[in-house]
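Structure data (TSV, C-alpha atoms) from run21.tsv:
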chain	number	residue	atom	x	y	z
A	67	MET	CA	15.15	22.40	-6.38
A	68	LYS	CA	16.69	19.30	-4.85
A	69	LYS	CA	15.17	15.89	-5.44
A	70	LYS	CA	14.88	13.01	-2.98
A	71	ILE	CA	14.22	9.34	-3.67
A	72	MET	CA	12.18	7.17	-1.32
A	73	TYR	CA	11.70	3.42	-1.66
A	74	VAL	CA	8.39	1.99	-0.47
A	75	SER	CA	6.76	-1.44	-0.29
A	76	ALA	CA	2.98	-1.89	-0.30
A	77	VAL	CA	0.68	-4.89	-0.43
A	78	ALA	CA	-2.81	-5.80	-1.59
A	79	LEU	CA	-4.11	-8.07	1.15
A	80	LEU	CA	-6.85	-10.12	-0.53
A	81	ASP	CA	-9.33	-12.02	1.63
A	82	TRP	CA	-11.20	-15.21	0.73
A	83	GLN	CA	-14.02	-13.13	-0.79
A	84	GLY	CA	-11.61	-11.30	-3.09
A	85	LYS	CA	-11.85	-8.04	-1.14
A	86	VAL	CA	-8.73	-5.93	-0.62
A	87	LEU	CA	-7.75	-4.01	2.52
A	88	ILE	CA	-7.17	-0.27	2.17
A	89	SER	CA	-6.44	2.39	4.77
A	90	TYR	CA	-7.12	6.12	4.98
A	91	ARG	CA	-4.53	8.80	5.67
A	92	SER	CA	-6.56	11.23	7.78
A	93	GLU	CA	-6.13	15.00	7.67
A	94	ASP	CA	-3.80	14.88	10.67
A	95	HIS	CA	-1.33	12.75	8.66
A	96	SER	CA	1.77	14.89	8.24
A	97	VAL	CA	2.40	14.08	4.56
A	98	LEU	CA	-0.21	13.64	1.82
A	99	PRO	CA	-3.33	13.53	4.04
A	100	ASN	CA	-6.86	12.61	2.92
A	101	PHE	CA	-5.89	9.79	0.56
A	102	TRP	CA	-6.56	6.06	0.61
A	103	GLU	CA	-3.58	3.74	0.34
A	104	PHE	CA	-2.54	0.12	0.36
A	105	PRO	CA	-0.79	-0.91	3.59
A	106	GLY	CA	2.99	-0.69	3.61
A	107	GLY	CA	5.69	1.90	4.11
A	108	LYS	CA	9.27	3.03	3.69
A	109	ILE	CA	12.05	0.54	3.08
A	110	LYS	CA	14.85	0.98	5.61
A	111	ILE	CA	18.56	0.97	4.73
A	112	ASN	CA	19.80	-2.61	4.15
A	113	GLU	CA	16.21	-3.93	4.16
A	114	SER	CA	14.74	-5.81	1.19
A	115	PRO	CA	11.35	-4.74	-0.21
A	116	ASP	CA	9.90	-8.10	0.94
A	117	ASP	CA	11.17	-7.67	4.49
A	118	ALA	CA	9.96	-4.05	4.57
A	119	VAL	CA	6.37	-4.91	3.68
A	120	ILE	CA	6.33	-7.80	6.18
A	121	ARG	CA	7.64	-5.47	8.93
A	122	GLU	CA	5.26	-2.64	8.04
A	123	ILE	CA	2.21	-4.93	8.03
A	124	LYS	CA	3.21	-6.26	11.46
A	125	GLU	CA	3.69	-2.70	12.78
A	126	GLU	CA	0.59	-1.14	11.17
A	127	LEU	CA	-1.96	-3.96	11.26
A	128	SER	CA	-0.64	-6.60	13.72
A	129	LEU	CA	-0.56	-9.24	10.96
A	130	ASP	CA	2.10	-11.87	10.34
A	131	ILE	CA	2.93	-12.59	6.71
A	132	ASP	CA	5.02	-15.58	5.64
A	133	LYS	CA	7.53	-14.46	3.01
A	134	LYS	CA	6.65	-17.49	0.85
A	135	LEU	CA	3.05	-16.23	0.58
A	136	LEU	CA	4.05	-12.73	-0.55
A	137	LYS	CA	3.91	-12.41	-4.36
A	138	PRO	CA	5.42	-9.47	-6.27
A	139	LEU	CA	2.79	-7.99	-8.57
A	140	SER	CA	4.23	-4.75	-9.92
A	141	PHE	CA	6.23	-1.61	-9.24
A	142	ASN	CA	5.78	2.05	-10.01
A	143	THR	CA	7.59	5.34	-9.75
A	144	HIS	CA	5.86	8.62	-9.03
A	145	THR	CA	7.11	12.15	-8.45
A	146	TYR	CA	5.39	14.12	-5.72
A	147	LYS	CA	6.00	17.86	-6.10
A	148	ASN	CA	7.04	20.04	-3.16
A	149	ILE	CA	7.22	17.33	-0.50
A	150	TYR	CA	9.87	17.63	2.22
A	151	GLY	CA	11.14	20.88	0.68
A	152	GLY	CA	11.53	19.58	-2.87
A	153	ASP	CA	10.40	16.98	-5.34
A	154	LEU	CA	10.17	13.43	-4.06
A	155	ASP	CA	10.56	10.45	-6.37
A	156	VAL	CA	8.89	7.41	-4.84
A	157	VAL	CA	9.71	3.93	-6.07
A	158	ILE	CA	6.94	1.55	-4.98
A	159	PHE	CA	7.24	-2.22	-4.88
A	160	PHE	CA	3.73	-3.69	-4.91
A	161	TYR	CA	2.84	-7.16	-3.67
A	162	ILE	CA	-0.22	-9.33	-3.37
A	163	CYS	CA	-0.89	-11.60	-0.41
A	164	ARG	CA	-3.86	-13.93	0.09
A	165	SER	CA	-2.96	-15.49	3.46
A	166	TRP	CA	-1.66	-14.19	6.80
A	167	LYS	CA	-1.96	-14.79	10.52
A	168	GLY	CA	-4.06	-12.49	12.67
A	169	THR	CA	-6.95	-10.07	12.28
A	170	PRO	CA	-6.08	-6.61	10.95
A	171	SER	CA	-6.39	-3.76	13.41
A	172	SER	CA	-4.96	-0.31	12.73
A	173	LYS	CA	-2.30	0.58	15.30
A	174	ASP	CA	-2.12	4.15	13.92
A	175	LYS	CA	-5.89	4.61	14.34
A	176	GLN	CA	-6.21	4.84	10.55
A	177	LYS	CA	-9.57	3.89	9.11
A	178	ILE	CA	-9.31	0.52	7.33
A	179	LEU	CA	-11.85	-1.04	4.95
A	180	TRP	CA	-12.25	-4.27	2.99
A	181	ILE	CA	-13.32	-3.25	-0.53
A	182	GLU	CA	-14.29	-5.25	-3.60
A	183	ILE	CA	-11.60	-4.79	-6.24
A	184	ASP	CA	-13.99	-3.38	-8.84
A	185	LYS	CA	-15.05	-0.64	-6.36
A	186	LEU	CA	-11.49	0.62	-5.69
A	187	LYS	CA	-11.81	3.26	-8.43
A	188	LYS	CA	-14.38	5.09	-6.31
A	189	TYR	CA	-11.74	5.92	-3.69
A	190	LYS	CA	-9.17	8.73	-3.89
A	191	PHE	CA	-5.83	6.91	-3.72
A	192	LEU	CA	-2.35	8.35	-3.43
A	193	PRO	CA	-1.39	9.23	-7.03
A	194	GLY	CA	1.51	6.75	-6.99
A	195	SER	CA	-0.96	3.92	-6.26
A	196	ASN	CA	-3.46	4.53	-9.07
A	197	LYS	CA	-1.55	2.14	-11.35
A	198	PHE	CA	-2.02	-0.64	-8.79
A	199	VAL	CA	-5.78	-0.07	-8.64
A	200	LEU	CA	-5.89	-0.63	-12.41
A	201	GLU	CA	-3.64	-3.69	-12.20
A	202	LEU	CA	-5.79	-5.28	-9.49
A	203	ASN	CA	-8.85	-4.74	-11.69
A	204	ASN	CA	-7.05	-6.38	-14.62
A	205	LEU	CA	-5.99	-9.27	-12.41
A	206	LYS	CA	-9.60	-9.86	-11.39
A	207	LYS	CA	-10.71	-10.03	-15.04
A	208	LYS	CA	-8.28	-12.86	-15.83
Could the structure of this file be written out as structure tokens, please?
Amino acid sequence: MKKKIMYVSAVALLDWQGKVLISYRSEDHSVLPNFWEFPGGKIKINESPDDAVIREIKEELSLDIDKKLLKPLSFNTHTYKNIYGGDLDVVIFFYICRSWKGTPSSKDKQKILWIEIDKLKKYKFLPGSNKFVLELNNLKKK
């Protein structure tokens, strides 16, 4: 079985109350439906992870993020079985951002919610993002 690698950037947008924005992949999502996720997406060829997350947030949520306010938090790799006709290794660059311009609105009609960090565990996240849920909880405890 052939294996593909995909590079992804995602971000925890934290508001002034310490809540984080998450979005829901509905059942009509073509790949991995019915999961919650942090906003972000695929990194294009010749695009840095920083630039990818800034572009994706603009496209998905109509928000402008200043690169100087984007802080790398972590990364993860996860293998999804039988996706796109084989196994898919996803490398995820995960950021945290506490300031942006605009009010988030989902252009893809995805459901979006502001959730307290300690309540994130109640939501069914994409398996590759579970590490980030734990890391955000650890960050809050510090």
Quick one: which stretch 138-201 of chain A residues come within 12 Å of stretch 105-124 of chain A, and what is the nearest atom pair for each with the distance in Å to one decimal, counting all atoms listed in the file, rows ordered by chain and ascending number, as a tab-separated table?
residue	atom	partner	partner_atom	distance
A:Pro138	CA	A:Asp116	CA	8.6
A:Leu139	CA	A:Asp116	CA	11.9
A:Phe141	CA	A:Pro115	CA	10.8
A:Val156	CA	A:Lys108	CA	9.6
A:Val157	CA	A:Lys108	CA	9.8
A:Ile158	CA	A:Pro115	CA	9.0
A:Phe159	CA	A:Pro115	CA	6.7
A:Phe160	CA	A:Pro115	CA	9.0
A:Tyr161	CA	A:Val119	CA	8.5
A:Ile162	CA	A:Val119	CA	10.6
A:Cys163	CA	A:Ile120	CA	10.5
A:Trp166	CA	A:Ile123	CA	10.1
A:Lys167	CA	A:Lys124	CA	10.0
A:Gly168	CA	A:Lys124	CA	9.7
A:Thr169	CA	A:Lys124	CA	10.9
A:Pro170	CA	A:Ile123	CA	8.9
A:Ser171	CA	A:Lys124	CA	10.1
A:Ser172	CA	A:Ile123	CA	9.7
A:Lys173	CA	A:Lys124	CA	9.6
A:Asp174	CA	A:Pro105	CA	11.6
A:Gln176	CA	A:Pro105	CA	10.5
A:Lys177	CA	A:Pro105	CA	11.4
A:Ile178	CA	A:Pro105	CA	9.4
A:Leu179	CA	A:Pro105	CA	11.1
A:Trp180	CA	A:Pro105	CA	12.0
A:Phe191	CA	A:Pro105	CA	11.8
A:Leu192	CA	A:Pro105	CA	11.7
A:Ser195	CA	A:Pro105	CA	11.0
Here atom CA of A:Gly194 and atom CA of A:Thr145 stand apart by 7.9 Å
Closest of A:Lys175, A:Arg164, A:Lys187, A:Lys147 to A:Val97, counting all atoms listed in the file, is A:Lys147
Exercise for the section: Might you pull out every residue within 9 Å of stretch 148-155 of chain A, with all atoms listed in the file counted and same-chain residues fewer than 4 positions away left off, and present them as a PyMOL selection string? Expected result: chain A and resi 67-73+97-98+143-144
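Pairwise distance (atom CA of A:Leu127, atom CA of A:Leu87) equals 10.5 Å.
Atom pair atom CA of A:Asn100 / atom CA of A:Asp130 has a distance of 27.1 Å (rounded to one decimal).
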Item to complete: Counting only C-alpha atoms, note down every residue that has an atom within 7 Å of the point (-3.5, 5.5, 0.1) (file coordinates), as a count of residues only.
Response: 9
